[in-house]
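**Student:** So I've got this file, target.csv, and it contains CSV, C-alpha atoms and all ligand atoms:
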chain,number,residue,atom,x,y,z
I,891,MET,CA,18.2,12.5,25.9
I,892,THR,CA,16.1,9.7,24.5
I,893,VAL,CA,17.4,6.1,24.0
I,894,ALA,CA,17.5,6.5,20.2
I,895,GLY,CA,19.3,9.9,20.7
I,896,GLU,CA,21.9,8.2,22.9
I,897,ALA,CA,22.4,5.6,20.2
I,898,VAL,CA,23.1,8.3,17.6
I,899,ARG,CA,25.4,10.2,19.9
I,900,ARG,CA,27.4,7.1,20.6
I,901,ARG,CA,27.7,6.4,16.9
I,902,ALA,CA,28.9,9.9,16.2
I,903,LEU,CA,31.5,9.7,18.9
I,904,GLU,CA,32.8,6.4,17.6
I,905,ARG,CA,32.6,7.0,13.9
I,906,GLY,CA,32.1,10.7,13.3
I,907,PRO,CA,29.0,12.6,12.2
I,908,VAL,CA,26.0,10.4,11.3
I,909,ALA,CA,24.2,10.8,8.0
I,910,ALA,CA,20.6,12.0,8.2
I,911,ASP,CA,19.2,8.8,6.7
I,912,ALA,CA,21.0,6.7,9.4
I,913,VAL,CA,19.7,9.0,12.1
I,914,ILE,CA,16.2,8.6,10.9
I,915,GLU,CA,16.7,4.9,10.6
I,916,GLU,CA,17.6,4.8,14.2
I,917,ALA,CA,14.8,7.1,15.3
I,918,LEU,CA,12.1,5.0,13.5
I,919,TYR,CA,13.4,1.4,13.4
I,920,GLY,CA,16.2,1.2,16.0
I,921,GLU,CA,15.6,-0.8,19.2
I,922,ALA,CA,14.0,2.2,20.8
I,923,GLY,CA,12.6,3.6,17.6
I,924,PHE,CA,9.2,5.1,17.0
I,925,TYR,CA,7.8,2.1,15.1
I,926,ALA,CA,9.7,-0.5,17.1
I,927,SER,CA,8.0,1.0,20.2
I,928,GLY,CA,4.5,0.5,18.7
I,929,GLY,CA,3.9,4.0,17.2
I,930,GLY,CA,2.1,4.1,13.9
I,931,ALA,CA,-1.1,4.6,12.0
I,932,GLY,CA,-4.5,4.2,13.6
I,933,ARG,CA,-7.1,6.0,15.8
I,934,GLY,CA,-5.4,4.7,18.9
I,935,ARG,CA,-1.9,5.5,17.7
I,936,ASP,CA,-0.3,8.6,16.1
I,937,PHE,CA,-1.9,9.5,12.7
I,938,LEU,CA,-4.6,8.5,10.3
I,939,THR,CA,-3.9,7.1,6.9
I,940,SER,CA,-6.4,6.3,4.1
I,941,PRO,CA,-7.0,2.7,5.2
I,942,GLU,CA,-7.3,3.9,8.8
I,943,VAL,CA,-9.9,6.5,8.0
I,944,GLY,CA,-12.4,3.7,7.4
I,945,PRO,CA,-13.1,0.7,5.1
I,946,LEU,CA,-13.9,2.6,1.9
I,947,PHE,CA,-10.3,2.9,0.7
I,948,GLY,CA,-9.9,-0.9,1.0
I,949,ALA,CA,-13.3,-1.4,-0.8
I,950,VAL,CA,-11.9,0.6,-3.8
I,951,VAL,CA,-8.6,-1.2,-3.7
I,952,ALA,CA,-10.6,-4.5,-3.8
I,953,ARG,CA,-12.2,-3.3,-7.0
I,954,ALA,CA,-8.8,-2.4,-8.5
I,955,LEU,CA,-7.6,-5.9,-7.5
I,956,ASP,CA,-10.5,-7.5,-9.4
I,957,GLY,CA,-9.6,-5.4,-12.4
I,958,TRP,CA,-6.0,-6.5,-12.3
I,959,TRP,CA,-7.0,-10.1,-11.7
I,960,GLU,CA,-9.2,-10.1,-14.8
I,961,GLU,CA,-6.3,-8.7,-16.8
I,962,LEU,CA,-4.3,-11.6,-15.5
I,963,GLU,CA,-6.9,-14.0,-16.7
I,964,GLN,CA,-8.1,-14.9,-13.2
I,965,VAL,CA,-4.7,-16.3,-12.2
I,966,ASP,CA,-4.7,-18.5,-9.1
I,967,PRO,CA,-2.8,-17.9,-6.9
I,968,PHE,CA,-3.1,-14.2,-7.2
I,969,VAL,CA,-0.4,-12.9,-4.8
I,970,VAL,CA,-0.8,-9.4,-3.4
I,971,VAL,CA,2.1,-8.2,-1.3
I,972,GLU,CA,1.4,-5.1,0.9
I,973,GLY,CA,4.6,-3.3,1.9
I,974,GLY,CA,4.5,-1.4,5.3
I,975,ALA,CA,1.2,-3.0,6.2
I,976,GLY,CA,1.0,-1.5,9.7
I,977,ALA,CA,-1.7,-3.2,11.8
I,978,GLY,CA,-3.4,-4.7,8.7
I,979,ALA,CA,-6.2,-2.2,8.2
I,980,LEU,CA,-6.0,-2.4,4.4
I,981,ALA,CA,-6.0,-6.2,4.3
I,982,ARG,CA,-9.1,-6.3,6.6
I,983,ALA,CA,-11.0,-3.8,4.5
I,984,VAL,CA,-10.2,-5.5,1.2
I,985,LEU,CA,-11.3,-8.9,2.6
I,986,ALA,CA,-14.5,-7.3,4.1
I,987,ALA,CA,-15.4,-6.0,0.6
I,988,ASP,CA,-15.4,-9.6,-0.6
I,989,PRO,CA,-13.7,-9.1,-4.0
I,990,SER,CA,-14.3,-11.6,-6.9
I,991,CYS,CA,-10.6,-12.6,-6.7
I,992,ALA,CA,-10.9,-13.7,-3.0
I,993,GLY,CA,-10.7,-17.4,-3.8
I,994,ALA,CA,-7.4,-16.9,-5.6
I,995,LEU,CA,-6.1,-14.2,-3.3
I,996,ARG,CA,-2.9,-14.7,-1.2
I,997,TRP,CA,-2.3,-11.5,0.7
I,998,VAL,CA,1.1,-11.0,2.3
I,999,CYS,CA,1.4,-8.1,4.8
I,1000,VAL,CA,5.0,-7.1,5.1
I,1001,GLU,CA,5.6,-5.0,8.2
I,1002,ARG,CA,8.9,-4.2,9.8
I,1003,SER,CA,7.7,-3.4,13.3
I,1004,ALA,CA,7.2,-6.6,15.4
I,1005,ARG,CA,4.5,-4.8,17.5
I,1006,LEU,CA,2.5,-3.8,14.5
I,1007,ARG,CA,2.9,-7.4,13.0
I,1008,ALA,CA,1.5,-8.7,16.2
I,1009,ALA,CA,-1.4,-6.3,16.0
I,1010,ALA,CA,-2.0,-7.4,12.3
I,1011,GLU,CA,-2.0,-11.0,13.4
I,1012,THR,CA,-4.6,-10.3,16.0
I,1013,ALA,CA,-6.8,-8.3,13.5
I,1014,LEU,CA,-6.6,-10.9,10.7
I,1015,VAL,CA,-6.9,-14.7,10.4
I,1016,THR,CA,-3.4,-15.5,9.2
I,1017,GLU,CA,-1.4,-18.5,8.0
I,1018,PRO,CA,2.3,-19.2,8.1
I,1019,THR,CA,4.0,-17.6,5.1
I,1020,THR,CA,5.1,-20.9,3.7
I,1021,GLN,CA,1.5,-21.8,2.9
I,1022,VAL,CA,0.8,-18.6,1.1
I,1023,ILE,CA,1.7,-19.5,-2.4
I,1024,GLY,CA,0.2,-23.0,-2.8
I,1025,GLY,CA,-3.2,-24.5,-3.4
I,1026,ARG,CA,-5.8,-23.4,-6.1
I,1027,GLY,CA,-9.0,-21.9,-4.9
I,1028,ALA,CA,-7.8,-21.9,-1.2
I,1029,GLY,CA,-8.0,-18.1,-0.8
I,1030,PRO,CA,-8.3,-15.8,0.7
I,1031,VAL,CA,-5.1,-16.6,2.6
I,1032,VAL,CA,-3.3,-13.9,4.6
I,1033,ALA,CA,0.2,-14.0,6.0
I,1034,VAL,CA,2.2,-11.5,8.0
I,1035,THR,CA,6.0,-11.2,7.6
I,1036,SER,CA,8.8,-8.9,8.4
I,1037,ASP,CA,10.5,-8.9,4.9
I,1038,LEU,CA,9.4,-9.0,1.3
I,1039,PRO,CA,8.8,-12.6,0.3
I,1040,THR,CA,10.8,-14.4,-2.4
I,1041,GLY,CA,9.5,-14.0,-6.0
I,1042,PRO,CA,8.8,-14.2,-8.7
I,1043,PHE,CA,5.0,-14.4,-8.6
I,1044,VAL,CA,2.0,-13.1,-10.5
I,1045,GLY,CA,-0.1,-10.5,-8.8
I,1046,ALA,CA,0.6,-7.0,-7.4
I,1047,VAL,CA,2.7,-5.2,-4.9
I,1048,ILE,CA,1.0,-2.3,-3.1
I,1049,ALA,CA,2.0,0.1,-0.4
I,1050,ASN,CA,0.2,3.0,1.4
I,1051,GLU,CA,2.4,5.6,3.0
I,1052,LEU,CA,5.5,3.4,3.1
I,1053,LEU,CA,7.9,5.3,0.9
I,1054,ASP,CA,7.6,8.5,3.0
I,1055,ASN,CA,8.9,6.5,5.9
I,1056,LEU,CA,12.0,5.1,4.2
I,1057,PRO,CA,14.8,7.4,5.5
I,1058,PRO,CA,16.1,10.0,3.0
I,1059,VAL,CA,19.6,11.4,2.5
I,1060,ILE,CA,19.4,15.2,3.0
I,1061,MET,CA,21.5,17.5,0.8
I,1062,GLU,CA,22.1,21.2,1.1
I,1063,ARG,CA,23.1,23.5,-1.8
I,1064,THR,CA,26.3,25.4,-0.9
I,1065,GLU,CA,28.5,27.9,-2.7
I,1066,GLY,CA,30.7,25.2,-4.1
I,1067,GLY,CA,28.1,22.6,-4.9
I,1068,TRP,CA,26.1,20.3,-2.6
I,1069,SER,CA,26.9,19.0,0.9
I,1070,GLU,CA,25.2,16.2,2.9
I,1071,VAL,CA,23.4,17.0,6.2
I,1072,ARG,CA,24.9,14.9,9.1
I,1073,VAL,CA,24.4,15.0,12.8
I,1074,ASP,CA,27.2,15.3,15.4
I,1075,GLU,CA,27.5,13.9,19.0
I,1076,ASN,CA,25.4,16.8,20.4
I,1077,LEU,CA,22.6,16.0,17.9
I,1078,GLN,CA,23.3,19.2,16.0
I,1079,GLU,CA,23.2,19.3,12.2
I,1080,MET,CA,26.4,19.8,10.3
I,1081,LEU,CA,27.3,19.8,6.6
I,1082,THR,CA,29.9,17.5,5.1
I,1083,PRO,CA,31.1,17.3,1.5
I,1084,ALA,CA,29.4,14.5,-0.5
I,1085,PRO,CA,31.1,14.3,-3.8
I,1086,GLY,CA,29.3,11.0,-4.6
I,1087,LEU,CA,25.9,12.6,-4.3
I,1088,ASP,CA,26.6,16.0,-5.8
I,1089,ALA,CA,25.7,15.0,-9.3
I,1090,ALA,CA,22.4,13.5,-8.4
I,1091,ALA,CA,21.3,16.6,-6.4
I,1092,THR,CA,22.5,18.9,-9.3
I,1093,ARG,CA,20.5,16.9,-11.8
I,1094,LEU,CA,17.3,16.9,-9.7
I,1095,ALA,CA,17.4,20.6,-8.6
I,1096,PRO,CA,19.7,22.5,-10.9
I,1097,ALA,CA,18.4,25.9,-10.0
I,1098,ALA,CA,18.4,25.5,-6.3
I,1099,PRO,CA,19.8,28.6,-4.5
I,1100,THR,CA,22.5,28.4,-1.8
I,1101,GLY,CA,21.0,27.1,1.4
I,1102,ALA,CA,18.2,25.1,-0.3
I,1103,ARG,CA,17.8,21.5,0.8
I,1104,VAL,CA,16.5,18.4,-1.0
I,1105,PRO,CA,15.9,14.8,0.0
I,1106,LEU,CA,17.5,12.0,-2.0
I,1107,VAL,CA,15.0,9.1,-1.4
I,1108,ARG,CA,17.4,6.3,-2.1
I,1109,GLY,CA,15.8,3.9,0.4
I,1110,ALA,CA,12.4,4.4,-1.4
I,1111,THR,CA,13.9,3.8,-4.9
I,1112,ARG,CA,15.7,0.7,-3.6
I,1113,TRP,CA,12.4,-0.6,-2.1
I,1114,VAL,CA,10.5,0.0,-5.4
I,1115,GLN,CA,13.3,-1.8,-7.4
I,1116,GLU,CA,13.0,-4.8,-5.1
I,1117,ALA,CA,9.2,-4.8,-5.2
I,1118,ARG,CA,9.3,-4.7,-9.0
I,1119,SER,CA,11.8,-7.6,-9.2
I,1120,LEU,CA,9.3,-9.8,-7.2
I,1121,LEU,CA,6.7,-9.7,-10.0
I,1122,GLU,CA,6.7,-11.9,-13.0
I,1123,VAL,CA,3.6,-10.0,-14.2
I,1124,GLY,CA,1.4,-7.4,-12.5
I,1125,PRO,CA,1.6,-3.8,-11.2
I,1126,VAL,CA,3.5,-2.1,-8.3
I,1127,VAL,CA,1.2,0.6,-6.9
I,1128,CYS,CA,2.4,3.0,-4.2
I,1129,PHE,CA,0.2,5.7,-2.6
I,1130,ASP,CA,2.0,8.5,-0.8
I,1131,TYR,CA,2.2,12.2,-0.3
I,1132,GLY,CA,4.8,14.3,-2.1
I,1133,THR,CA,5.5,16.3,-5.1
I,1134,ARG,CA,6.0,15.7,-8.8
I,1135,THR,CA,9.6,17.0,-8.7
I,1136,THR,CA,12.6,17.4,-6.4
I,1137,ALA,CA,13.0,20.9,-7.6
I,1138,GLU,CA,9.7,21.9,-6.1
I,1139,LEU,CA,10.9,20.7,-2.7
I,1140,ALA,CA,14.1,22.8,-3.1
I,1141,THR,CA,11.9,25.9,-3.1
I,1142,ARG,CA,10.4,25.1,0.3
I,1143,PRO,CA,12.0,25.0,3.8
I,1144,MET,CA,12.9,21.5,4.9
I,1145,THR,CA,10.5,21.7,7.8
I,1146,GLU,CA,7.7,21.6,5.2
I,1147,TRP,CA,8.8,18.4,3.6
I,1148,LEU,CA,10.5,16.6,6.4
I,1149,ARG,CA,7.8,16.5,9.1
I,1150,THR,CA,7.3,14.9,12.4
I,1151,TYR,CA,4.0,13.5,14.0
I,1152,ARG,CA,3.0,12.1,17.3
I,1153,ALA,CA,-0.3,11.5,19.1
I,1154,HIS,CA,-2.4,12.8,16.2
I,1155,GLY,CA,-0.5,16.2,16.0
I,1156,ARG,CA,2.6,17.6,14.5
I,1157,GLY,CA,5.8,16.9,16.5
I,1158,GLY,CA,8.9,19.1,17.0
I,1159,GLY,CA,12.1,19.5,15.0
I,1160,TRP,CA,13.3,16.3,13.4
I,1161,LEU,CA,16.2,15.9,15.9
I,1162,ASN,CA,13.9,16.5,18.9
I,1163,ASP,CA,12.9,13.4,21.0
I,1164,LEU,CA,14.4,10.9,18.6
I,1165,GLY,CA,12.4,7.7,18.6
I,1166,GLU,CA,9.4,9.3,20.2
I,1167,GLN,CA,7.9,10.9,17.0
I,1168,ASP,CA,7.4,9.8,13.4
I,1169,ILE,CA,9.7,11.4,10.9
I,1170,THR,CA,8.4,11.4,7.4
I,1171,CYS,CA,9.5,12.9,4.1
I,1172,ASP,CA,7.4,14.0,1.1
I,1173,VAL,CA,8.2,11.7,-1.8
I,1174,PRO,CA,9.4,13.4,-5.0
I,1175,ALA,CA,8.0,11.4,-8.0
I,1176,ASP,CA,10.8,12.3,-10.3
I,1177,GLN,CA,13.2,10.2,-8.2
I,1178,LEU,CA,11.0,7.1,-8.4
I,1179,GLY,CA,10.3,7.1,-12.1
I,1180,ALA,CA,7.0,5.4,-12.2
I,1181,ASP,CA,5.2,4.6,-15.5
I,1182,GLU,CA,2.3,6.7,-14.4
I,1183,VAL,CA,1.7,9.2,-11.5
I,1184,LEU,CA,-1.8,10.5,-10.7
I,1185,PRO,CA,-3.6,12.1,-7.8
I,1186,GLN,CA,-5.2,9.6,-5.4
I,1187,GLY,CA,-8.6,11.2,-5.9
I,1188,GLU,CA,-8.4,10.5,-9.6
I,1189,TRP,CA,-7.2,6.9,-9.0
I,1190,LEU,CA,-10.0,6.3,-6.6
I,1191,ARG,CA,-12.5,7.6,-9.2
I,1192,GLN,CA,-11.1,5.4,-11.9
I,1193,HIS,CA,-11.7,2.4,-9.6
I,1194,GLY,CA,-15.3,3.3,-8.6
I,1195,ILE,CA,-15.3,5.4,-5.5
I,1196,ASP,CA,-18.1,7.6,-6.8
I,1197,GLU,CA,-20.4,4.6,-7.4
I,1198,LEU,CA,-19.7,3.3,-3.9
I,1199,ALA,CA,-20.4,6.8,-2.4
I,1200,ASP,CA,-23.6,7.2,-4.5
I,1201,GLU,CA,-24.9,3.8,-3.3
I,1202,ALA,CA,-24.1,4.8,0.3
I,1203,ARG,CA,-25.9,8.2,-0.2
I,1204,ARG,CA,-29.0,6.3,-1.4
I,1205,ARG,CA,-28.9,4.0,1.6
I,1206,TRP,CA,-28.6,7.0,3.9
I,1207,ASP,CA,-31.5,8.8,2.2
I,1208,GLU,CA,-33.7,5.8,2.5
I,1209,GLY,CA,-32.7,5.0,6.1
I,1210,ALA,CA,-32.0,8.4,7.6
I,1211,HIS,CA,-35.4,8.7,9.3
I,1212,ARG,CA,-34.8,5.3,11.0
I,1213,GLY,CA,-31.2,6.2,12.0
I,1214,ASP,CA,-30.4,2.5,12.1
I,1215,LEU,CA,-26.9,1.1,11.9
I,1216,ALA,CA,-26.9,0.5,8.2
I,1217,ALA,CA,-28.0,4.1,7.5
I,1218,ILE,CA,-25.3,5.4,9.9
I,1219,LYS,CA,-22.6,3.3,8.2
I,1220,ALA,CA,-23.8,4.6,4.8
I,1221,ARG,CA,-23.5,8.1,6.1
I,1222,SER,CA,-19.9,7.6,7.3
I,1223,ARG,CA,-19.0,6.1,3.9
I,1224,VAL,CA,-20.2,9.3,2.3
I,1225,ASN,CA,-18.0,11.3,4.6
I,1226,GLU,CA,-15.1,8.9,4.0
I,1227,ALA,CA,-15.4,9.4,0.2
I,1228,ALA,CA,-15.2,13.2,0.6
I,1229,ALA,CA,-12.1,12.9,2.8
I,1230,LEU,CA,-10.3,10.4,0.5
I,1231,THR,CA,-10.9,12.5,-2.6
I,1232,ASP,CA,-10.3,16.0,-1.2
I,1233,PRO,CA,-7.6,17.5,-3.4
I,1234,ALA,CA,-6.3,19.5,-0.4
I,1235,GLY,CA,-6.0,16.3,1.7
I,1236,LEU,CA,-5.8,12.6,1.0
I,1237,GLY,CA,-7.1,13.0,-2.6
I,1238,GLY,CA,-4.0,15.1,-3.4
I,1239,PHE,CA,-1.7,12.3,-2.5
I,1240,LEU,CA,0.1,10.8,-5.5
I,1241,VAL,CA,-0.3,7.2,-6.8
I,1242,HIS,CA,2.8,5.8,-8.4
I,1243,ILE,CA,2.2,2.9,-10.8
I,1244,TRP,CA,4.7,0.6,-12.4
I,1245,ARG,CA,3.1,-1.8,-14.9
A,1,LIG,C1,3.0,5.4,7.8
A,1,LIG,S1,2.9,3.7,8.2
A,1,LIG,C2,1.7,3.2,7.1
A,1,LIG,C3,1.0,1.9,7.6
A,1,LIG,C4,-0.2,1.4,6.7
A,1,LIG,N1,0.3,1.1,5.3
A,1,LIG,C5,-1.3,2.5,6.6
A,1,LIG,O1,-1.4,3.1,5.5
A,1,LIG,O2,-2.0,2.7,7.6
A,1,LIG,C6,4.4,3.0,7.5
A,1,LIG,C7,4.7,1.6,7.9
A,1,LIG,O3,5.7,1.0,7.1
A,1,LIG,C8,6.5,0.2,8.0
A,1,LIG,N2,7.8,0.0,7.3
A,1,LIG,C9,8.8,0.8,7.2
A,1,LIG,N3,9.8,0.3,6.4
A,1,LIG,C10,9.4,-0.9,6.1
A,1,LIG,C11,10.0,-2.0,5.3
A,1,LIG,N4,11.2,-1.8,4.7
A,1,LIG,N5,9.3,-3.1,5.2
A,1,LIG,C12,8.1,-3.3,5.7
A,1,LIG,N6,7.5,-2.3,6.5
A,1,LIG,C13,8.1,-1.2,6.7
A,1,LIG,C14,6.5,0.9,9.3
A,1,LIG,O4,6.9,0.1,10.4
A,1,LIG,C15,5.1,1.4,9.4
A,1,LIG,O5,4.2,0.5,10.0
As structure tokens, what does this structure read like?
**Tutor:**
Amino acid sequence: MTVAGEAVRRRALERGPVAADAVIEEALYGEAGFYASGGGAGRGRDFLTSPEVGPLFGAVVARALDGWWEELEQVDPFVVVEGGAGAGALARAVLAADPSCAGALRWVCVERSARLRAAAETALVTEPTTQVIGGRGAGPVVAVTSDLPTGPFVGAVIANELLDNLPPVIMERTEGGWSEVRVDENLQEMLTPAPGLDAAATRLAPAAPTGARVPLVRGATRWVQEARSLLEVGPVVCFDYGTRTTAELATRPMTEWLRTYRAHGRGGGWLNDLGEQDITCDVPADQLGADEVLPQGEWLRQHGIDELADEARRRWDEGAHRGDLAAIKARSRVNEAAALTDPAGLGGFLVHIWR
């Protein structure tokens, strides 16, 4: 049994069956958890995310930032907090795109894994967090921290593929109502009554048949609430995979919406090799209650991805015969645009926006 598995087993023996969200918490963020051990996004790690595909996603985010900064009358400092920043790929790409707001920009990478924070600090020129908020025109200034900073501030909070990694409670529809999925000392699933959660599951998936399961993404809703409370003015924008409604998830087997990944492939069952694979849950938009929810492809188009791709296509057409570095970079930007907007892939992810 893995070290994280042992930790869950001990807890079950001491205190009784462990709730699914606590098991996932241990598997991802415990001492021997997947993220604590250095797993995560990136070509050399376990899976690719939009910022890890290449710099184009960050270039579009840089354009969006400029739009928000204009709406905020070029406020300085313009504080952008990135939740679940991983090894800092998004911050790097945004800075490389040299947005107009750069001089005002204070970018705070918030990352729970110490190993990934260290990787972000190596990849970026960073300052101690205490210096992030002060000084007009001193940007861009980047800091890396383990927790959300203290607000309020004017700017934006963004997160790519964070919410799917915040452990969900798992509920199963039974004859008499709903039960909660827990895990015993043999790392086997079991159901226990959960009167406090029954009403929420019924409201979200009223027609679910016996045996159907749904996630209650309470960790994600708490994180969003906290993020919103940081901002005096400015948007919270979260990119993630998922569905519009919890009821949609109730129609699918749990293995489709609670998935595992390791070394650029799908992993095993969620209770296999605890701590050695990522465990991730599709995010149901109806539980988050954003002001606006739209597909990632559409959001990227609103913020100019087509212009950036057309420009790259022109550079490729002009330079293809030379095959120089600029032409090859342009070519890969065209491919990136296609991947980021593909409705069957990253383009089908949802963007949740709170204004
Ligand atoms: C799927 S990865 C995404 C990383 C990066 N945003 C990207 O798109 O490549 C999720 C990241 O969120 C981090 N994380 C999870 N919970 C967190 C929290 N409460 N605060 C900050 N980071 C968190 C994990 O350690 C992990 O690095």
**Student:** If we count all atoms listed in the file and set the cut-off at 9 Å, which residues sit around Leu1094 in chain I, ignoring sequence neighbours fewer than 6 positions away in its own chain? Please answer as a list in words.
**Tutor:**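 The residues that qualify are Val1104, Thr1135, Thr1136, Ala1137, Asp1176 and Gln1177 of chain I.
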**Student:** Choose the residue, out of I:Leu1184, I:Leu1121, I:Leu1014, I:Ala975, that has the smallest atom-to-atom separation from Thr1040 in chain I; count all atoms listed in the file.
**Tutor:** I:Leu1121
**Student:** At a cut-off of 6 Å around ligand LIG 1 (chain A), and using all atoms listed in the file, what residues come up? Please write them as a VMD selection string.
**Tutor:** chain I and resid 925 930 to 931 939 941 to 942 973 to 976 1000 to 1003 1037 1050 to 1052 1055 to 1056
**Student:** Select, from I:Arg982, I:Arg1063, I:Arg933, I:Arg1007, the residue with the minimum atom-to-atom distance to Gly948 in chain I, counting all atoms listed in the file.
**Tutor:**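 Nearest to Gly948 in chain I: I:Arg982.
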**Student:** Quick one: residues within 9 Å of Glu1166 in chain I, only C-alpha atoms counted, chain neighbours fewer than 3 positions away excluded, as an NGL selection string?
**Tutor:** :I and (892 or 894 or 917-918 or 922-925 or 927 or 929 or 1152 or 1162-1163)
**Student:** Measuring atom to atom with all atoms listed in the file, identify which of I:Trp959, I:Trp1244, I:Trp1068, I:Phe968 is nearest to Gly1179 in chain I.
**Tutor:** I:Trp1244
**Student:** Mind checking which residues fall within 7 Å of range 1197-1201 of chain I, counting only C-alpha atoms, ignoring those fewer than 6 positions away in the same chain, and posting them as a PyMOL selection string?
**Tutor:** chain I and resi 1223-1224+1227
**Student:** Please compute the CA of Phe937 in chain I-CA of Ile1169 in chain I distance, one decimal, in Å.
**Tutor:**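 These atoms are spaced 11.9 Å apart.
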**Student:** Box along x, y and z, 5 Å on every side, all listed atoms of range 1098-1116 of chain I inside: centre and edge lengths in Å to one decimal, as JSON.
**Tutor:**
{"center_x": 16.5, "center_y": 11.9, "center_z": -3.0, "size_x": 22.0, "size_y": 43.4, "size_z": 18.8}
**Student:** Measuring between all atoms listed in the file, which one of I:Arg1191, I:Arg905, I:Arg1005, I:His1211 shows the shortest distance to Phe947 in chain I?
**Tutor:**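 Under the stated criterion, the closest residue is I:Arg1191.
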**Student:** Using only C-alpha atoms, which protein or nucleic acid residues come within 9 Å of Leu955 in chain I? Drop anything in the same chain fewer than 6 positions from it, and give the result as a PyMOL selection string.
**Tutor:** chain I and resi 970+989-991+1045-1046
**Student:** Can you write just those residues out, C-alpha atoms, as a short mmCIF file (atom, residue, chain, number, x, y, z; two decimals), in the coordinates of the input?
**Tutor:**
data_model
loop_
_atom_site.label_atom_id
_atom_site.label_comp_id
_atom_site.auth_asym_id
_atom_site.auth_seq_id
_atom_site.Cartn_x
_atom_site.Cartn_y
_atom_site.Cartn_z
CA VAL I 970 -0.80 -9.40 -3.40
CA PRO I 989 -13.70 -9.10 -4.00
CA SER I 990 -14.30 -11.60 -6.90
CA CYS I 991 -10.60 -12.60 -6.70
CA GLY I 1045 -0.10 -10.50 -8.80
CA ALA I 1046 0.60 -7.00 -7.40
#
**Student:** Find the residues near Leu1087 in chain I: any atom within 10 Å, counting all atoms listed in the file, skip ones fewer than 4 places away on the same chain, and give them as number ranges by chain.
**Tutor:** I: 1059, 1061, 1068-1070, 1083, 1091-1092, 1106
**Student:** My list of candidates is I:Gly1109, I:Gly1165, I:Pro1085, I:Gly1101. Which is closest to Arg1142 in chain I when distances are computed with all atoms listed in the file?
**Tutor:**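 Ranking I:Gly1109, I:Gly1165, I:Pro1085, I:Gly1101 by distance to Arg1142 in chain I, first place goes to I:Gly1101.
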